[in-house]
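Colleague: Contents of start_30.pdb (PDB, C-alpha atoms, pLDDT in the B column) are below:
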MODEL        1
ATOM      1  CA  ILE A   1     -10.498  -1.571   1.074  1.00 51.00           C
ATOM      2  CA  ALA A   2      -7.334  -0.070   2.508  1.00 70.00           C
ATOM      3  CA  GLY A   3      -7.647   2.987   4.739  1.00 93.00           C
ATOM      4  CA  ILE A   4     -10.460   5.448   4.140  1.00 96.00           C
ATOM      5  CA  THR A   5     -12.708   5.681   1.115  1.00 96.00           C
ATOM      6  CA  GLN A   6     -15.091   8.474   0.211  1.00 98.00           C
ATOM      7  CA  ALA A   7     -17.881   8.660  -2.322  1.00 97.00           C
ATOM      8  CA  PRO A   8     -18.606  10.312  -4.599  1.00 98.00           C
ATOM      9  CA  THR A   9     -15.301  11.691  -5.848  1.00 97.00           C
ATOM     10  CA  SER A  10     -17.045  14.787  -7.103  1.00 97.00           C
ATOM     11  CA  GLN A  11     -20.589  16.034  -7.433  1.00 97.00           C
ATOM     12  CA  ILE A  12     -22.441  18.993  -8.887  1.00 97.00           C
ATOM     13  CA  LEU A  13     -25.637  19.686  -6.990  1.00 96.00           C
ATOM     14  CA  ALA A  14     -28.523  22.091  -7.412  1.00 97.00           C
ATOM     15  CA  ALA A  15     -29.201  24.377  -4.474  1.00 98.00           C
ATOM     16  CA  GLY A  16     -31.929  23.060  -2.212  1.00 97.00           C
ATOM     17  CA  ARG A  17     -31.197  19.415  -2.921  1.00 97.00           C
ATOM     18  CA  ARG A  18     -30.295  16.881  -0.256  1.00 97.00           C
ATOM     19  CA  MET A  19     -26.924  15.154  -0.502  1.00 97.00           C
ATOM     20  CA  THR A  20     -25.115  12.509   1.526  1.00 98.00           C
ATOM     21  CA  LEU A  21     -21.362  12.136   1.337  1.00 98.00           C
ATOM     22  CA  ARG A  22     -20.169   8.680   2.279  1.00 98.00           C
ATOM     23  CA  CYS A  23     -17.083   7.732   4.259  1.00 98.00           C
ATOM     24  CA  THR A  24     -15.881   4.251   5.189  1.00 98.00           C
ATOM     25  CA  GLN A  25     -12.729   3.173   7.022  1.00 97.00           C
ATOM     26  CA  ASP A  26     -11.335  -0.293   7.570  1.00 95.00           C
ATOM     27  CA  MET A  27      -8.750   0.501  10.234  1.00 94.00           C
ATOM     28  CA  ARG A  28     -11.171  -0.077  13.137  1.00 94.00           C
ATOM     29  CA  HIS A  29     -10.495   3.459  14.322  1.00 95.00           C
ATOM     30  CA  ASN A  30     -12.745   4.733  17.068  1.00 94.00           C
ATOM     31  CA  ALA A  31     -12.872   8.372  15.984  1.00 95.00           C
ATOM     32  CA  MET A  32     -13.969   9.839  12.677  1.00 96.00           C
ATOM     33  CA  TYR A  33     -14.119  13.425  11.422  1.00 97.00           C
ATOM     34  CA  TRP A  34     -15.510  15.522   8.612  1.00 98.00           C
ATOM     35  CA  TYR A  35     -13.640  18.612   7.404  1.00 98.00           C
ATOM     36  CA  ARG A  36     -14.205  21.088   4.654  1.00 98.00           C
ATOM     37  CA  GLN A  37     -11.297  22.748   2.891  1.00 97.00           C
ATOM     38  CA  ASP A  38     -11.665  26.137   1.255  1.00 95.00           C
ATOM     39  CA  LEU A  39      -8.975  28.217  -0.399  1.00 88.00           C
ATOM     40  CA  GLY A  40      -7.203  30.424   2.110  1.00 85.00           C
ATOM     41  CA  LEU A  41      -9.060  28.987   5.077  1.00 87.00           C
ATOM     42  CA  GLY A  42      -7.498  25.598   5.547  1.00 88.00           C
ATOM     43  CA  LEU A  43      -9.277  22.568   6.929  1.00 96.00           C
ATOM     44  CA  ARG A  44     -12.213  23.268   9.235  1.00 97.00           C
ATOM     45  CA  LEU A  45     -13.904  20.639  11.362  1.00 97.00           C
ATOM     46  CA  ILE A  46     -17.616  20.170  10.639  1.00 98.00           C
ATOM     47  CA  HIS A  47     -18.595  17.226  12.845  1.00 97.00           C
ATOM     48  CA  TYR A  48     -16.809  14.418  14.606  1.00 96.00           C
ATOM     49  CA  SER A  49     -17.512  11.122  16.318  1.00 96.00           C
ATOM     50  CA  ASN A  50     -15.311   9.831  19.124  1.00 93.00           C
ATOM     51  CA  THR A  51     -16.852   6.366  18.982  1.00 93.00           C
ATOM     52  CA  ALA A  52     -19.726   4.545  17.323  1.00 94.00           C
ATOM     53  CA  GLY A  53     -23.070   5.872  18.533  1.00 95.00           C
ATOM     54  CA  THR A  54     -21.791   9.347  19.461  1.00 95.00           C
ATOM     55  CA  THR A  55     -21.323  12.536  17.454  1.00 96.00           C
ATOM     56  CA  GLY A  56     -20.264  16.104  18.179  1.00 95.00           C
ATOM     57  CA  LYS A  57     -20.205  19.497  16.516  1.00 96.00           C
ATOM     58  CA  GLY A  58     -17.042  21.029  15.208  1.00 95.00           C
ATOM     59  CA  GLU A  59     -16.213  24.560  14.174  1.00 93.00           C
ATOM     60  CA  VAL A  60     -18.669  24.868  11.239  1.00 96.00           C
ATOM     61  CA  PRO A  61     -21.600  22.448  11.806  1.00 97.00           C
ATOM     62  CA  ASP A  62     -24.528  24.524  10.497  1.00 97.00           C
ATOM     63  CA  GLY A  63     -26.302  22.965   7.520  1.00 97.00           C
ATOM     64  CA  TYR A  64     -24.707  19.550   8.063  1.00 98.00           C
ATOM     65  CA  SER A  65     -25.665  16.437   9.996  1.00 98.00           C
ATOM     66  CA  VAL A  66     -23.886  13.153  10.670  1.00 98.00           C
ATOM     67  CA  SER A  67     -24.615   9.735  12.086  1.00 97.00           C
ATOM     68  CA  ARG A  68     -22.374   6.937  13.369  1.00 97.00           C
ATOM     69  CA  ALA A  69     -24.321   3.709  13.424  1.00 97.00           C
ATOM     70  CA  ASN A  70     -21.191   1.530  13.367  1.00 96.00           C
ATOM     71  CA  THR A  71     -17.414   1.813  13.587  1.00 96.00           C
ATOM     72  CA  ASP A  72     -16.710   1.848   9.868  1.00 97.00           C
ATOM     73  CA  ASP A  73     -19.155   4.369   8.396  1.00 98.00           C
ATOM     74  CA  PHE A  74     -19.606   8.078   8.989  1.00 98.00           C
ATOM     75  CA  PRO A  75     -21.930   9.733   6.422  1.00 98.00           C
ATOM     76  CA  LEU A  76     -22.285  13.498   6.156  1.00 98.00           C
ATOM     77  CA  THR A  77     -25.660  14.881   5.021  1.00 98.00           C
ATOM     78  CA  LEU A  78     -26.477  18.282   3.595  1.00 98.00           C
ATOM     79  CA  ALA A  79     -30.224  18.571   4.129  1.00 95.00           C
ATOM     80  CA  SER A  80     -30.726  21.477   1.725  1.00 97.00           C
ATOM     81  CA  ALA A  81     -27.542  22.453  -0.078  1.00 97.00           C
ATOM     82  CA  VAL A  82     -26.556  26.110  -0.519  1.00 98.00           C
ATOM     83  CA  PRO A  83     -23.819  27.582  -2.753  1.00 97.00           C
ATOM     84  CA  SER A  84     -21.649  28.423   0.282  1.00 97.00           C
ATOM     85  CA  GLN A  85     -21.292  24.689   0.865  1.00 98.00           C
ATOM     86  CA  THR A  86     -19.261  24.407  -2.326  1.00 98.00           C
ATOM     87  CA  SER A  87     -15.995  22.982  -1.040  1.00 98.00           C
ATOM     88  CA  VAL A  88     -13.750  19.947  -0.868  1.00 98.00           C
ATOM     89  CA  TYR A  89     -14.829  17.611   1.919  1.00 98.00           C
ATOM     90  CA  PHE A  90     -12.391  15.312   3.673  1.00 98.00           C
ATOM     91  CA  CYS A  91     -13.220  12.482   6.008  1.00 98.00           C
ATOM     92  CA  ALA A  92     -10.568  11.385   8.518  1.00 97.00           C
ATOM     93  CA  SER A  93     -10.177   8.817  11.259  1.00 96.00           C
ATOM     94  CA  SER A  94      -7.966   8.198  14.283  1.00 94.00           C
ATOM     95  CA  GLU A  95      -7.678   5.748  17.131  1.00 90.00           C
ATOM     96  CA  ASN A  96      -8.927   8.403  19.582  1.00 80.00           C
ATOM     97  CA  LYS A  97      -6.188   7.778  22.102  1.00 76.00           C
ATOM     98  CA  ARG A  98      -6.771  11.241  23.531  1.00 73.00           C
ATOM     99  CA  GLU A  99      -3.078  11.921  23.482  1.00 72.00           C
ATOM    100  CA  ALA A 100      -0.759  13.824  21.200  1.00 66.00           C
ATOM    101  CA  THR A 101       0.148  10.767  19.139  1.00 77.00           C
ATOM    102  CA  ASP A 102      -3.432  10.365  17.946  1.00 84.00           C
ATOM    103  CA  THR A 103      -2.672  10.776  14.248  1.00 90.00           C
ATOM    104  CA  GLN A 104      -5.544  11.455  11.894  1.00 93.00           C
ATOM    105  CA  TYR A 105      -5.603   9.749   8.500  1.00 95.00           C
ATOM    106  CA  PHE A 106      -7.517  11.331   5.654  1.00 97.00           C
ATOM    107  CA  GLY A 107      -9.668  10.007   2.837  1.00 97.00           C
ATOM    108  CA  PRO A 108      -9.215  11.175  -0.779  1.00 97.00           C
ATOM    109  CA  GLY A 109     -11.903  13.854  -0.540  1.00 97.00           C
ATOM    110  CA  THR A 110     -15.153  14.758  -2.283  1.00 98.00           C
ATOM    111  CA  ARG A 111     -15.291  17.871  -4.421  1.00 97.00           C
ATOM    112  CA  LEU A 112     -18.797  19.328  -4.127  1.00 98.00           C
ATOM    113  CA  THR A 113     -20.174  22.173  -6.209  1.00 98.00           C
ATOM    114  CA  VAL A 114     -23.560  23.657  -5.319  1.00 98.00           C
ATOM    115  CA  LEU A 115     -25.137  25.781  -8.031  1.00 96.00           C
TER     116      LEU A 115
ATOM    117  CA  GLY B 116     -10.096  29.124  20.202  1.00 59.00           C
ATOM    118  CA  GLN B 117      -7.047  28.634  18.055  1.00 76.00           C
ATOM    119  CA  ASN B 118      -5.123  31.109  15.925  1.00 91.00           C
ATOM    120  CA  ILE B 119      -2.541  29.465  13.695  1.00 95.00           C
ATOM    121  CA  ASP B 120      -0.381  31.429  11.272  1.00 96.00           C
ATOM    122  CA  GLN B 121       1.934  30.236   8.535  1.00 97.00           C
ATOM    123  CA  PRO B 122       3.177  31.880   5.335  1.00 97.00           C
ATOM    124  CA  THR B 123       0.979  31.467   2.286  1.00 96.00           C
ATOM    125  CA  GLU B 124       3.677  30.625  -0.240  1.00 97.00           C
ATOM    126  CA  MET B 125       7.375  29.818  -0.483  1.00 97.00           C
ATOM    127  CA  THR B 126       9.616  29.060  -3.435  1.00 97.00           C
ATOM    128  CA  ALA B 127      12.937  27.251  -3.350  1.00 96.00           C
ATOM    129  CA  THR B 128      15.399  25.582  -5.684  1.00 97.00           C
ATOM    130  CA  GLU B 129      15.867  21.849  -6.051  1.00 97.00           C
ATOM    131  CA  GLY B 130      18.506  20.629  -3.609  1.00 97.00           C
ATOM    132  CA  ALA B 131      18.074  23.590  -1.276  1.00 97.00           C
ATOM    133  CA  ILE B 132      16.615  23.838   2.237  1.00 97.00           C
ATOM    134  CA  VAL B 133      13.330  25.500   3.114  1.00 97.00           C
ATOM    135  CA  GLN B 134      11.982  26.328   6.564  1.00 98.00           C
ATOM    136  CA  ILE B 135       8.240  26.783   7.040  1.00 98.00           C
ATOM    137  CA  ASN B 136       7.330  28.642  10.206  1.00 98.00           C
ATOM    138  CA  CYS B 137       4.132  28.242  12.171  1.00 98.00           C
ATOM    139  CA  THR B 138       3.036  30.347  15.119  1.00 97.00           C
ATOM    140  CA  TYR B 139       0.022  29.579  17.225  1.00 96.00           C
ATOM    141  CA  GLN B 140      -2.073  31.057  19.996  1.00 94.00           C
ATOM    142  CA  THR B 141      -4.324  28.447  21.515  1.00 84.00           C
ATOM    143  CA  SER B 142      -6.572  27.916  24.486  1.00 81.00           C
ATOM    144  CA  GLY B 143      -4.966  24.537  25.084  1.00 85.00           C
ATOM    145  CA  PHE B 144      -2.125  22.501  23.637  1.00 89.00           C
ATOM    146  CA  ASN B 145      -1.500  18.775  23.417  1.00 89.00           C
ATOM    147  CA  GLY B 146       0.833  18.650  20.449  1.00 92.00           C
ATOM    148  CA  LEU B 147       1.580  20.004  16.982  1.00 94.00           C
ATOM    149  CA  PHE B 148       1.265  18.141  13.699  1.00 95.00           C
ATOM    150  CA  TRP B 149       2.585  18.745  10.200  1.00 97.00           C
ATOM    151  CA  TYR B 150       0.803  17.348   7.150  1.00 97.00           C
ATOM    152  CA  GLN B 151       1.762  17.382   3.477  1.00 98.00           C
ATOM    153  CA  GLN B 152      -0.901  17.833   0.822  1.00 97.00           C
ATOM    154  CA  HIS B 153      -0.249  17.551  -2.891  1.00 97.00           C
ATOM    155  CA  ALA B 154      -2.647  19.385  -5.171  1.00 95.00           C
ATOM    156  CA  GLY B 155      -5.937  17.526  -5.507  1.00 93.00           C
ATOM    157  CA  GLU B 156      -4.986  14.924  -2.925  1.00 96.00           C
ATOM    158  CA  ALA B 157      -5.594  14.168   0.736  1.00 96.00           C
ATOM    159  CA  PRO B 158      -3.359  15.487   3.520  1.00 97.00           C
ATOM    160  CA  THR B 159      -0.801  12.927   4.652  1.00 96.00           C
ATOM    161  CA  PHE B 160       0.865  12.852   8.055  1.00 95.00           C
ATOM    162  CA  LEU B 161       4.490  14.032   8.229  1.00 95.00           C
ATOM    163  CA  SER B 162       5.373  14.542  11.884  1.00 94.00           C
ATOM    164  CA  TYR B 163       4.228  15.572  15.313  1.00 93.00           C
ATOM    165  CA  ASN B 164       5.909  17.315  18.249  1.00 95.00           C
ATOM    166  CA  VAL B 165       4.775  17.054  21.836  1.00 92.00           C
ATOM    167  CA  LEU B 166       7.832  18.283  23.698  1.00 94.00           C
ATOM    168  CA  ASP B 167      10.192  21.137  22.888  1.00 96.00           C
ATOM    169  CA  GLY B 168      12.980  20.377  20.486  1.00 97.00           C
ATOM    170  CA  LEU B 169      13.728  18.905  17.119  1.00 96.00           C
ATOM    171  CA  GLU B 170      12.254  15.727  15.640  1.00 94.00           C
ATOM    172  CA  GLU B 171      14.084  14.403  12.591  1.00 94.00           C
ATOM    173  CA  LYS B 172      12.623  12.078   9.984  1.00 90.00           C
ATOM    174  CA  GLY B 173      14.920  11.656   7.012  1.00 94.00           C
ATOM    175  CA  ARG B 174      14.925  14.845   4.944  1.00 96.00           C
ATOM    176  CA  PHE B 175      12.179  16.388   7.085  1.00 96.00           C
ATOM    177  CA  SER B 176      12.594  17.827  10.580  1.00 97.00           C
ATOM    178  CA  SER B 177      10.119  19.584  12.823  1.00 97.00           C
ATOM    179  CA  PHE B 178      10.857  21.861  15.760  1.00 98.00           C
ATOM    180  CA  LEU B 179       8.662  23.018  18.617  1.00 97.00           C
ATOM    181  CA  SER B 180       8.937  25.728  21.246  1.00 97.00           C
ATOM    182  CA  ARG B 181       5.856  25.621  23.446  1.00 95.00           C
ATOM    183  CA  SER B 182       6.817  28.729  25.427  1.00 94.00           C
ATOM    184  CA  LYS B 183       7.035  30.757  22.205  1.00 96.00           C
ATOM    185  CA  GLY B 184       4.033  29.148  20.497  1.00 96.00           C
ATOM    186  CA  TYR B 185       6.282  28.381  17.552  1.00 96.00           C
ATOM    187  CA  SER B 186       7.111  25.490  15.295  1.00 98.00           C
ATOM    188  CA  TYR B 187       8.907  25.044  12.022  1.00 98.00           C
ATOM    189  CA  LEU B 188       9.143  22.331   9.403  1.00 98.00           C
ATOM    190  CA  LEU B 189      12.528  22.002   7.729  1.00 98.00           C
ATOM    191  CA  LEU B 190      12.739  20.372   4.327  1.00 97.00           C
ATOM    192  CA  LYS B 191      16.269  19.461   3.256  1.00 97.00           C
ATOM    193  CA  GLU B 192      17.669  18.401  -0.123  1.00 97.00           C
ATOM    194  CA  LEU B 193      14.511  19.578  -1.822  1.00 98.00           C
ATOM    195  CA  GLN B 194      13.134  17.463  -4.629  1.00 97.00           C
ATOM    196  CA  MET B 195      10.549  18.373  -7.244  1.00 97.00           C
ATOM    197  CA  LYS B 196       8.102  15.979  -5.589  1.00 97.00           C
ATOM    198  CA  ASP B 197       8.221  18.130  -2.435  1.00 98.00           C
ATOM    199  CA  SER B 198       6.151  20.777  -4.235  1.00 98.00           C
ATOM    200  CA  ALA B 199       2.985  20.688  -2.135  1.00 98.00           C
ATOM    201  CA  SER B 200       1.090  22.463   0.609  1.00 97.00           C
ATOM    202  CA  TYR B 201       2.295  21.962   4.166  1.00 98.00           C
ATOM    203  CA  LEU B 202      -0.298  22.211   6.911  1.00 97.00           C
ATOM    204  CA  CYS B 203       0.475  23.086  10.510  1.00 97.00           C
ATOM    205  CA  ALA B 204      -2.118  21.791  12.986  1.00 95.00           C
ATOM    206  CA  VAL B 205      -2.451  22.153  16.733  1.00 94.00           C
ATOM    207  CA  PHE B 206      -3.868  19.313  18.815  1.00 89.00           C
ATOM    208  CA  GLY B 207      -5.865  21.224  21.389  1.00 87.00           C
ATOM    209  CA  SER B 208      -7.095  20.544  24.875  1.00 84.00           C
ATOM    210  CA  ASP B 209     -10.298  19.165  23.321  1.00 84.00           C
ATOM    211  CA  TYR B 210      -8.209  16.551  21.489  1.00 83.00           C
ATOM    212  CA  LYS B 211      -9.199  18.004  18.136  1.00 88.00           C
ATOM    213  CA  LEU B 212      -6.927  19.331  15.398  1.00 91.00           C
ATOM    214  CA  SER B 213      -7.061  22.973  14.361  1.00 93.00           C
ATOM    215  CA  PHE B 214      -5.326  23.674  11.069  1.00 95.00           C
ATOM    216  CA  GLY B 215      -3.502  26.649   9.680  1.00 95.00           C
ATOM    217  CA  ALA B 216      -4.340  27.712   6.130  1.00 95.00           C
ATOM    218  CA  GLY B 217      -1.271  25.936   4.773  1.00 97.00           C
ATOM    219  CA  THR B 218       1.958  26.968   3.042  1.00 97.00           C
ATOM    220  CA  THR B 219       2.341  26.180  -0.653  1.00 97.00           C
ATOM    221  CA  VAL B 220       5.940  25.280  -1.455  1.00 98.00           C
ATOM    222  CA  THR B 221       7.075  25.400  -5.063  1.00 98.00           C
ATOM    223  CA  VAL B 222      10.354  23.689  -5.903  1.00 97.00           C
ATOM    224  CA  ARG B 223      12.071  24.967  -9.038  1.00 96.00           C
ATOM    225  CA  ALA B 224      14.781  23.230 -11.037  1.00 94.00           C
TER     226      ALA B 224
ENDMDL
END
How does the structure come out when it is put into C-alpha cells?

Modeller:
Amino acid sequence: IAGITQAPTSQILAAGRRMTLRCTQDMRHNAMYWYRQDLGLGLRLIHYSNTAGTTGKGEVPDGYSVSRANTDDFPLTLASAVPSQTSVYFCASSENKREATDTQYFGPGTRLTVL
Amino acid sequence: GQNIDQPTEMTATEGAIVQINCTYQTSGFNGLFWYQQHAGEAPTFLSYNVLDGLEEKGRFSSFLSRSKGYSYLLLKELQMKDSASYLCAVFGSDYKLSFGAGTTVTVRA
C-alpha cells in the first residue's frame, strides 16, 4: 500500500441500509479526516481524528459515525442511509503538526449513491 | 466560521496564463492551501502560503495578502493537463481546512 486507500470505489445503497466506508493509510500519520464533496459546495468535513483513540465532529457530522482504533484505519459508518447522503466521500490524513505546513493527503474517494 | 469565495469556472488557451482568485473571511487563520483536482480523482496538494507574498513552484505560483483576506493561484504556460478544478482552502485556528467550492479551469488548444 502506498498512501491512502479507500473501499469500496463506488456503491449503490438502498435507503435505510447500514454502510461502512473503509479508509487505510500507511504513512503513519496521526490525523485522519472524512470529507464529502457535492457539486457546488466543495469539500465539507464530516468527522476527524487527531490521533488514534480520539475523534471529533466536523461541519456536517449528522448521520455519520467514525472510530479510530489504531493509527492506520479510520472507517466511516452510515447507520441508516438517506438519499441526501449521496455524495463522493474522501478520506485524508496529515501528520497533525498543528501548524500551517500540516498538508493533508487524500485517498481516491468513494462514490456513494443512496436510492 | 469560514466564508471562502472563488470563481466557478475559467477558460484559457494553451500556453497562456490564468489567475484564480480566492477571498476569505474567517474566524481564524493559520495558512492557505491550494489543491488541484482532476475530474473523478482525489485532490492533490499544490502549495501553501503562511506569510504575505508570492510562493513560486515551477509553472505555479500562489500569493497571499492576509490583511486583505485574498489569495491567488497563477498558472503559467498552460498545458492541456492543467484542465482541472482548483480548490482554495483556509487552515483555520482550529487547525482544520475549510474549502472553497473550487474553480474549474478549462484549457483549450

Colleague: Using the chain letters and numbers from the file, give me the residues hit by the ChimeraX specification (/A :<7) & /B, as a list in words.

Modeller: Asn145, Gly146, Glu156, Ala157, Pro158, Thr159, Val165, Phe206, Tyr210, Phe214, Gly215, Ala216 and Gly217 of chain B

Colleague: Env of stretch 63-66 of chain A: 12 Å cut, atoms = only C-alpha atoms, seq-sep filter 6 positions within chain, self excluded. Answer as a PyMOL selection string.

Modeller: chain A and resi 16+18-23+32-36+45-49+52-57+73-85+89+91

Colleague: With a distance cut-off of 7 Å and only C-alpha atoms, select the neighbouring residues of A:Glu95, excluding the residue or stretch itself and same-chain residues fewer than 5 positions from it, and output the selection as a list in words.

Modeller: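 Everything that qualifies: His29, Asn30, Ala31 and Asp102 of chain A.
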
Colleague: To verify the selection step, state as a PDB file with C-alpha atoms, keeping the file's coordinate frame which residues the PyMOL selection byres ((chain B and resi 187) around 9) yields on this input.

Modeller:
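This is the output file expr.pdb:
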ATOM      1  CA  GLN B 134      11.982  26.328   6.564  1.00 98.00           C
ATOM      2  CA  ILE B 135       8.240  26.783   7.040  1.00 98.00           C
ATOM      3  CA  ASN B 136       7.330  28.642  10.206  1.00 98.00           C
ATOM      4  CA  CYS B 137       4.132  28.242  12.171  1.00 98.00           C
ATOM      5  CA  THR B 138       3.036  30.347  15.119  1.00 97.00           C
ATOM      6  CA  SER B 176      12.594  17.827  10.580  1.00 97.00           C
ATOM      7  CA  SER B 177      10.119  19.584  12.823  1.00 97.00           C
ATOM      8  CA  PHE B 178      10.857  21.861  15.760  1.00 98.00           C
ATOM      9  CA  LEU B 179       8.662  23.018  18.617  1.00 97.00           C
ATOM     10  CA  TYR B 185       6.282  28.381  17.552  1.00 96.00           C
ATOM     11  CA  SER B 186       7.111  25.490  15.295  1.00 98.00           C
ATOM     12  CA  LEU B 188       9.143  22.331   9.403  1.00 98.00           C
ATOM     13  CA  LEU B 189      12.528  22.002   7.729  1.00 98.00           C
ATOM     14  CA  CYS B 203       0.475  23.086  10.510  1.00 97.00           C
TER      15      CYS B 203
END

Colleague: Using atom CA of B:Trp149 and atom CA of B:Val220 as the two end points, give the distance in Å to one decimal.

Modeller: 13.8 Å

Colleague: To one decimal in Å, tell me the separation between atom CA of B:His153 and atom CA of B:Ser198.

Modeller: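 Between these atoms lies a distance of 7.3 Å.
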
Colleague: One number please: atom CA of B:Phe160 to atom CA of A:Ser93, in Å, one decimal.

Modeller: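 For atom CA of B:Phe160 relative to atom CA of A:Ser93, the distance reads 12.2 Å.
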
Colleague: With distances taken over all atoms listed in the file, which of B:Leu169, B:Val205, B:Leu193, B:Ile132 is nearest to B:Asp120?

Modeller: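 Residue with the minimum atom-to-atom distance to B:Asp120: B:Val205.
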
Colleague: Return as JSON the centre and edge lengths, in Å with one decimal, of the box along x, y and z that encloses every atom of stretch 130-149 of chain B in the file, padded by 6 Å per side.

Modeller:
{"center_x": 6.0, "center_y": 24.6, "center_z": 10.7, "size_x": 37.1, "size_y": 24.9, "size_z": 40.7}

Colleague: In terms of the shortest atom-to-atom distance over all atoms listed in the file, which of A:Gln25, A:Thr110, A:Ser67, A:Gln11 is closest to A:Ser94?

Modeller: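 Comparing A:Gln25, A:Thr110, A:Ser67, A:Gln11 against A:Ser94, the winner is A:Gln25.
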
Colleague: What residues come out when you apply the PyMOL selection byres ((chain B and resi 143) around 12) to this file, written as a PyMOL selection string?

Modeller: chain B and resi 116-118+139-142+144-147+181+184+205-213
